Structure formats: C-alpha cells, structure tokens
2 protein chains.
Amino acid sequence: MPPLGTPVQKTPPRWRRRAESRPDEILDAALAEFTERGFDAARMEDVAKRAGISKAGIYLYFPSKTALLEALIEAKVAPLARQAEGIAAAGEADPLGALRLLATAAAYRLSDPMVIAVPRLVIGISGHYPDIAHYYRTHVVDIARTALERLIETAMARTLIRRIDPAAAVRAFIGPLFFEAMWTHVLRGESAFANPEKLIEQHFDILLNGLELRA
Amino acid sequence: MPPLGTPVQKTPPRWRRRAESRPDEILDAALAEFTERGFDAARMEDVAKRAGISKAGIYLYFPSKTALLEALIEAKVAPLARQAEGIAAAGEADPLGALRLLATAAAYRLSDPMVIAVPRLVIGISGHYPDIAHYYRTHVVDIARTALERLIETAMARTLIRRIDPAAAVRAFIGPLFFEAMWTHVLRGESAFANPEKLIEQHFDILLNGLELRA
DNA sequence: TGCATATAACTGACCGGTCAGTTATATTGG
DNA sequence: CCAATATAACTGACCGGTCAGTTATATGCA
C-alpha cells in the first residue's frame, strides 16, 4: 500500500461496462469478419477481438453465431427494405420518378461492399441454414419486392407504362443491378457502380425504351 | 471348412477397381453434398460415403477439397459457357435469333438446381477462396459474357437493335434471369422457371420493346 | 490353362489442429 | 456490498488430410 500523499498510480481499468454500445460494436465486427472469411469460416474469437471484447462476451448479448447473422440482417439490410417501402409509398403521385429514385438508391446501396455482403452471406449458407434464408426473404426481399410491384402496378393503372406482368417488370428492374453487384463484389470485375448516375441512366434507357430501333 | 462338393460360397469382393468411373462419381457426390450443406460445412467423409468409396480414396483422384470444387466448375458449368460461345459464333447470321436461343438455353440451365448450385457455391466462398472466384470468372463468366457481347455488337452493326453500351445490354439480358434463379433456388420463391417459354417471351418483350407506351 | 508375382486401387485408423459454446472467476460501479 | 459485466481457461466434438497396410486385378511364365 502506498504511503499517504504518494500519487496513486492511476492504472486505467482493464475493461469498462458499456452494455449499451456493445451490441452494435459486435455486429460491426461480425459483419466485417463474415464478409472477409465467409460465415462458416469466420471465427467467433476473431469477431470478439475485432469488437474489443472477449469471445464469451459476445454470448452475453447474442445466443449463437447464427443469431448474430440474423441480427445483422435486421440491423443492416431490413431498414433498407423498409426505406424502399417508404419511397414507394410516397411516390404514388409520381410512380416513374419514384422508380428512378428507388433504382438510384439501390445502386448506391449495392455498391457498398458492407451492404452487399449480407445477401452474399445468405446465398452462401441458404443450403444448410434454411431458416436464415427464410428470415431474409420475409424481412427483406418480400418487402422490397412487394413495394416495387405495387409501384409498377400504379404506373400501369395510370397508363404511364405498358400493361405487362408485374413480376416480369420487377425482374427487369432489379435483375441487372443485382447482377452487376455480384459481378463487382464476387468476381471483382470492373464495376459500373463507379459511376452510379450513368449506370442508372443506361438502365432506365433500356428498361423504358428497349433495345429495338424506334421507327 | 465346407466339405468337398459343397459349392464354394462366392462372397463378392468388398470393393472393385473402377478407376475410370470413380472421378465422375466423386464429382457427382461432391456436388450433391456441397449443394445440401454448403462447401465449408460439407464433410469429405460424407462425399466419400455418397460416392461409395472411402475418404482416403477421394484423395487418390483429387488432391484437396478445393480441387474438387474447381473440378466441379470445369465439369459442370464450363461446358455450358463454351456451348454459349458456340451458339453465339454460329449465330452471326441471325444475331437476334441466336440471342433468343441463348436466353432459352440459359433459362433451362438456370432452372436446374444442380447447375445453379455451382455459382451459388462460388458466391458463398469467394471471400475466403479468391482463387476459386477467379477461376470461375475466367473459365465461365468471362467466356459467356464475351460471346454475348460480341453477338450484341453484331446485332448493332447490322442495325437490328439500337446503339447502346454493350455492357449495359449484357446486364439487361442476363440480369433478370440470374435474379430469378437466385430467387428460385436460394429463397425458394414461386419460380417463373416453371414455364420457361413464357419467361423468355416476357423477358424479350421487355428487353426489346421496353416498358414505355408505344405511340 | 493355372499358378506366381507385381502393382494399382482401396481402406481403416489415426493425428494435429480448430472452434462454438461453457464455466469458474475477476472486476466494475452504483 | 452485490449485481451486472467481463474474461481466461477449458471442453467436447468435429474434420481435412495422411499413412501403413490390404485387396483386387493385370501380367508374366510354366
């Protein structure tokens, strides 16, 4: 014990209680690790280290590795689907404008490796974690797809676009962007996302006018 | 020991030498296991069991688990890319017809779970096996994409379609089909592949004419 | 034709290493 | 003081890959 008057050696605490901020930090770390190594290959130990916590600490907040992935979907991409829903709902007055806004937002999201990482993970593990695939479908894809479909139907009803199968229109709308995202992030091809405005312009040019020569 | 005259019980051999057929059988088993469980989660033991051989036996034909995946790409999807190349080359006389033929062939391929399984695997592991992703890109995607692009450029040169960025046209051509394949096989949505002819018809209607109202 | 020999094909048992999840213990801070 | 928060150490199970030894078949030879 130091004598009175001796300045107390202020060793900072080895750790702090930060129950509020931990979950988010863990999620960020998990996303980074899962992205770099893939879900199965990622190690909880590394997620923990990256989050500045011990492995057991993770289990204070998440019951399992798969729960971490579900939370990741909820935190990182489900909000985007709901945002798309919002854009669609607000765009009933100008469906074509809303569609273009939606595509632009999507292009920016899809160009972000941290966002595209999640669907990539889901694709990878859908075979042996069907629950995760189902969760992703109901919490993300179905929501976005429905909003988009409604918007397209509104545009048709107003005779802003031709009458065609809405599902086919959805494919034509989102498919090319999705494909480009996979090309960019999985195969590391030269990305058209480098210039999102141009990408969207080209996309809508084909989507609305088609490839055929006009008279 | 059986008395003389007793027919010798011909116990069938515990295994047979079948060096020619083994590799294919192993590949089929690997594809099935990888598809069901995912690449990382699949066990070589199970692949072996499914192929009717011992685990060590696999290593007589393939040096590693990843080599198995590469061989799978070469055997199951690279031929399809080369077939696409063939269709494209033979279709210089009628580019639009060739394009439609290509799309139809693609639709049938993509509807087959055993074919789509391979790109799905590649997407899943591209993060931590970049070599595999690169192999897939150079042996499959680049080949198909180049063939497709050339065909589109030919069509443009003959003024069969408008002049637009060929890369954008490729996205519009393949994206919707790719997206539908993922929707079908990963998320188990109701599949438009159930009726390939209708799918292609809708696809080309939008691709060639666009969504806009014609005058 | 049939026995001896060679070797390609195959297997069972094992090893080194990994990792998700648990437990016993320590620290923090109200 | 004690409940919430955190950790270090541990466990049990799993799995890719290896290897010494076994079995099926081809070949040589009388």
# chains A, B, ... in the order shown; residues from 1 in each chain; ligands from 1
$ residues_around --residues "D:DT23" --least-positions-apart "6" --cutoff "12 Å" --atoms "only C-alpha atoms (C1' of nucleotides)" --output "VMD selection string"
(chain B and resid 13 to 17) or (chain C and resid 7 to 11)
$ residues_around --residues "A:Ala169" --least-positions-apart "5" --cutoff "12 Å" --atoms "only C-alpha atoms (C1' of nucleotides)" --output "JSON, numbers by chain"
{"A": [99, 145, 148, 149, 150, 151, 152, 153, 155, 156, 161, 162, 163, 164, 174, 175, 176, 207, 208], "B": [172, 176, 180, 199, 202, 203, 204, 205, 206, 207, 210, 211, 212]}
$ residues_around --residues "B:Arg137" --least-positions-apart "5" --cutoff "12 Å" --atoms "only C-alpha atoms (C1' of nucleotides)" --output "JSON, numbers by chain"
{"A": [182, 183, 184, 185, 186, 187, 188, 189], "B": [70, 73, 74, 77, 78, 81, 119, 122, 123, 126, 130, 131, 132, 142, 143, 144, 145, 146]}
$ write_last_selection --atoms "C-alpha atoms" --output "mmCIF file, in the first residue's frame"
data_model
loop_
_atom_site.group_PDB
_atom_site.id
_atom_site.type_symbol
_atom_site.label_atom_id
_atom_site.label_comp_id
_atom_site.auth_asym_id
_atom_site.auth_seq_id
_atom_site.Cartn_x
_atom_site.Cartn_y
_atom_site.Cartn_z
ATOM 1 C CA MET A 182 -22.413 -9.824 -57.910
ATOM 2 C CA TRP A 183 -20.062 -9.223 -60.792
ATOM 3 C CA THR A 184 -18.440 -6.396 -58.907
ATOM 4 C CA HIS A 185 -18.118 -7.876 -55.452
ATOM 5 C CA VAL A 186 -17.851 -11.600 -56.047
ATOM 6 C CA LEU A 187 -15.825 -11.711 -59.236
ATOM 7 C CA ARG A 188 -14.136 -8.356 -58.780
ATOM 8 C CA GLY A 189 -14.868 -7.209 -62.278
ATOM 9 C CA GLU B 70 -12.521 -26.485 -59.209
ATOM 10 C CA ILE B 73 -16.722 -25.956 -62.140
ATOM 11 C CA GLU B 74 -14.778 -27.380 -65.030
ATOM 12 C CA VAL B 77 -20.586 -25.302 -65.894
ATOM 13 C CA ALA B 78 -17.566 -24.508 -68.038
ATOM 14 C CA ALA B 81 -20.145 -21.418 -71.202
ATOM 15 C CA PRO B 119 -22.373 -20.304 -58.959
ATOM 16 C CA VAL B 122 -18.767 -19.667 -55.714
ATOM 17 C CA ILE B 123 -20.667 -16.669 -54.387
ATOM 18 C CA SER B 126 -15.487 -16.039 -52.959
ATOM 19 C CA PRO B 130 -10.421 -15.819 -54.057
ATOM 20 C CA ASP B 131 -8.656 -18.286 -56.338
ATOM 21 C CA ILE B 132 -11.894 -20.146 -56.892
ATOM 22 C CA ASP B 142 -15.764 -14.083 -68.985
ATOM 23 C CA ILE B 143 -16.274 -16.587 -71.771
ATOM 24 C CA ALA B 144 -20.052 -16.358 -71.770
ATOM 25 C CA ARG B 145 -20.037 -12.632 -71.303
ATOM 26 C CA THR B 146 -17.619 -12.017 -74.168
#
$ closest_residue --among "D:DA30, D:DT25, D:DA20, D:DC1" --to "C:DA6" --atoms "only C-alpha atoms (C1' of nucleotides)"
D:DT25
$ residues_around --residues "stretch 5-7 of chain D" --least-positions-apart "5" --cutoff "9 Å" --atoms "only C-alpha atoms (C1' of nucleotides)" --output "VMD selection string"
(chain A and resid 15 to 19 53 to 57 60) or (chain C and resid 25 to 28)
